[in-house]
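Data block below; observations after.
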Amino acid sequence: MGKMQRAKGARGERELARALTRALEVEPGTIYRSVQHAGREGAGDVLGVDGIHIECKRCEALSVY
């Protein structure tokens, strides 16, 4: 994966964390982008919402089957 693709994904994850923070009306920093390179199995892309595993994909067009 190229540097631009990684940066695009990271931007999307940070954007989602900010949107969830506003929507759920929680303290800033409570919902955050997780560490991606530490080998943590089972960790989602965005952490801080109890009981929910969040994976974030940033794309132009969403195609849900």
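All residue names refer to the structure tokens as shown: chains lettered A, B, ... in order, residues numbered from 1 in each chain, ligands numbered from 1 in order.
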
Can you pull out the residues contacting range 12-24 of chain A? Cut-off 9 Å, using only C-alpha atoms, and skip same-chain residues under 6 positions away; I want them as an mmCIF file with N, CA, C and O atoms, in the first residue's frame.
data_model
loop_
_atom_site.group_PDB
_atom_site.id
_atom_site.type_symbol
_atom_site.label_atom_id
_atom_site.label_comp_id
_atom_site.auth_asym_id
_atom_site.auth_seq_id
_atom_site.Cartn_x
_atom_site.Cartn_y
_atom_site.Cartn_z
ATOM 1 N N THR A 30 -12.120 10.807 23.756
ATOM 2 C CA THR A 30 -12.679 9.546 24.221
ATOM 3 C C THR A 30 -12.733 8.528 23.086
ATOM 4 O O THR A 30 -12.449 7.352 23.277
ATOM 5 N N ILE A 31 -13.112 8.986 21.905
ATOM 6 C CA ILE A 31 -13.149 8.143 20.708
ATOM 7 C C ILE A 31 -11.957 8.549 19.856
ATOM 8 O O ILE A 31 -11.770 9.731 19.559
ATOM 9 N N TYR A 32 -11.135 7.582 19.468
ATOM 10 C CA TYR A 32 -9.872 7.905 18.816
ATOM 11 C C TYR A 32 -9.466 6.818 17.816
ATOM 12 O O TYR A 32 -9.954 5.697 17.861
ATOM 13 N N ARG A 33 -8.544 7.177 16.941
ATOM 14 C CA ARG A 33 -7.981 6.246 15.964
ATOM 15 C C ARG A 33 -7.015 5.316 16.693
ATOM 16 O O ARG A 33 -6.170 5.756 17.471
ATOM 17 N N SER A 34 -7.143 4.015 16.434
ATOM 18 C CA SER A 34 -6.297 3.055 17.145
ATOM 19 C C SER A 34 -4.906 2.961 16.526
ATOM 20 O O SER A 34 -4.668 3.408 15.406
ATOM 21 N N ASP A 45 -10.394 0.020 13.768
ATOM 22 C CA ASP A 45 -9.729 1.229 13.300
ATOM 23 C C ASP A 45 -9.973 2.407 14.235
ATOM 24 O O ASP A 45 -9.126 3.272 14.394
ATOM 25 N N VAL A 46 -11.161 2.444 14.827
ATOM 26 C CA VAL A 46 -11.527 3.520 15.742
ATOM 27 C C VAL A 46 -11.981 2.879 17.055
ATOM 28 O O VAL A 46 -12.806 1.974 17.056
ATOM 29 N N LEU A 47 -11.429 3.355 18.171
ATOM 30 C CA LEU A 47 -11.738 2.797 19.488
ATOM 31 C C LEU A 47 -12.430 3.841 20.357
ATOM 32 O O LEU A 47 -12.341 5.028 20.090
ATOM 33 N N GLY A 48 -13.094 3.369 21.402
ATOM 34 C CA GLY A 48 -13.685 4.274 22.369
ATOM 35 C C GLY A 48 -15.190 4.145 22.501
ATOM 36 O O GLY A 48 -15.789 4.760 23.376
ATOM 37 N N VAL A 49 -15.829 3.360 21.631
ATOM 38 C CA VAL A 49 -17.262 3.108 21.736
ATOM 39 C C VAL A 49 -17.408 1.690 22.269
ATOM 40 O O VAL A 49 -17.114 0.721 21.571
ATOM 41 N N GLU A 55 -14.641 -0.646 11.896
ATOM 42 C CA GLU A 55 -13.702 -0.652 10.772
ATOM 43 C C GLU A 55 -14.119 0.476 9.851
ATOM 44 O O GLU A 55 -15.298 0.636 9.549
ATOM 45 N N CYS A 56 -13.172 1.262 9.399
ATOM 46 C CA CYS A 56 -13.464 2.435 8.581
ATOM 47 C C CYS A 56 -12.856 2.253 7.197
ATOM 48 O O CYS A 56 -11.674 1.925 7.068
ATOM 49 N N LYS A 57 -13.661 2.462 6.151
ATOM 50 C CA LYS A 57 -13.186 2.430 4.772
ATOM 51 C C LYS A 57 -13.624 3.719 4.108
ATOM 52 O O LYS A 57 -14.793 4.089 4.136
ATOM 53 N N ARG A 58 -12.681 4.415 3.513
ATOM 54 C CA ARG A 58 -12.999 5.670 2.817
ATOM 55 C C ARG A 58 -12.998 5.389 1.326
ATOM 56 O O ARG A 58 -12.009 4.967 0.758
#

Backbone-only DSSP, alpha helix (DSSP H) members of chain A, as an MDAnalysis selection string: chainID A and resid 3:24

Strand (DSSP E or B) call set, DSSP backbone run, chain A, as a PyMOL selection string: chain A and resi 32-33+46-47+54

Requested write-out: N, CA, C and O atoms of the selected residues, as a short mmCIF file (atom, residue, chain, number, x, y, z; two decimals), in the first residue's frame:
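Now in selection_31.cif:
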data_model
loop_
_atom_site.label_atom_id
_atom_site.label_comp_id
_atom_site.auth_asym_id
_atom_site.auth_seq_id
_atom_site.Cartn_x
_atom_site.Cartn_y
_atom_site.Cartn_z
N TYR A 32 -11.14 7.58 19.47
CA TYR A 32 -9.87 7.91 18.82
C TYR A 32 -9.47 6.82 17.82
O TYR A 32 -9.95 5.70 17.86
N ARG A 33 -8.54 7.18 16.94
CA ARG A 33 -7.98 6.25 15.96
C ARG A 33 -7.02 5.32 16.69
O ARG A 33 -6.17 5.76 17.47
N VAL A 46 -11.16 2.44 14.83
CA VAL A 46 -11.53 3.52 15.74
C VAL A 46 -11.98 2.88 17.05
O VAL A 46 -12.81 1.97 17.06
N LEU A 47 -11.43 3.36 18.17
CA LEU A 47 -11.74 2.80 19.49
C LEU A 47 -12.43 3.84 20.36
O LEU A 47 -12.34 5.03 20.09
N ILE A 54 -15.24 -1.11 15.27
CA ILE A 54 -15.41 -0.19 14.14
C ILE A 54 -14.27 -0.36 13.14
O ILE A 54 -13.10 -0.24 13.50
#

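Atom pair CA of Ala10 in chain A / CA of Val35 in chain A: separated by 10.6 Å.
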
Residue with the minimum atom-to-atom distance to Arg6 in chain A, picked from A:Tyr65, A:Glu60, A:Gly51, A:Gln36 with only C-alpha atoms counted, is A:Gln36

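The residue that comes closest to Gln5 in chain A, out of A:Val64, A:Ala43, A:Cys59, A:Ile52 and on the basis of only C-alpha atoms, is A:Cys59.
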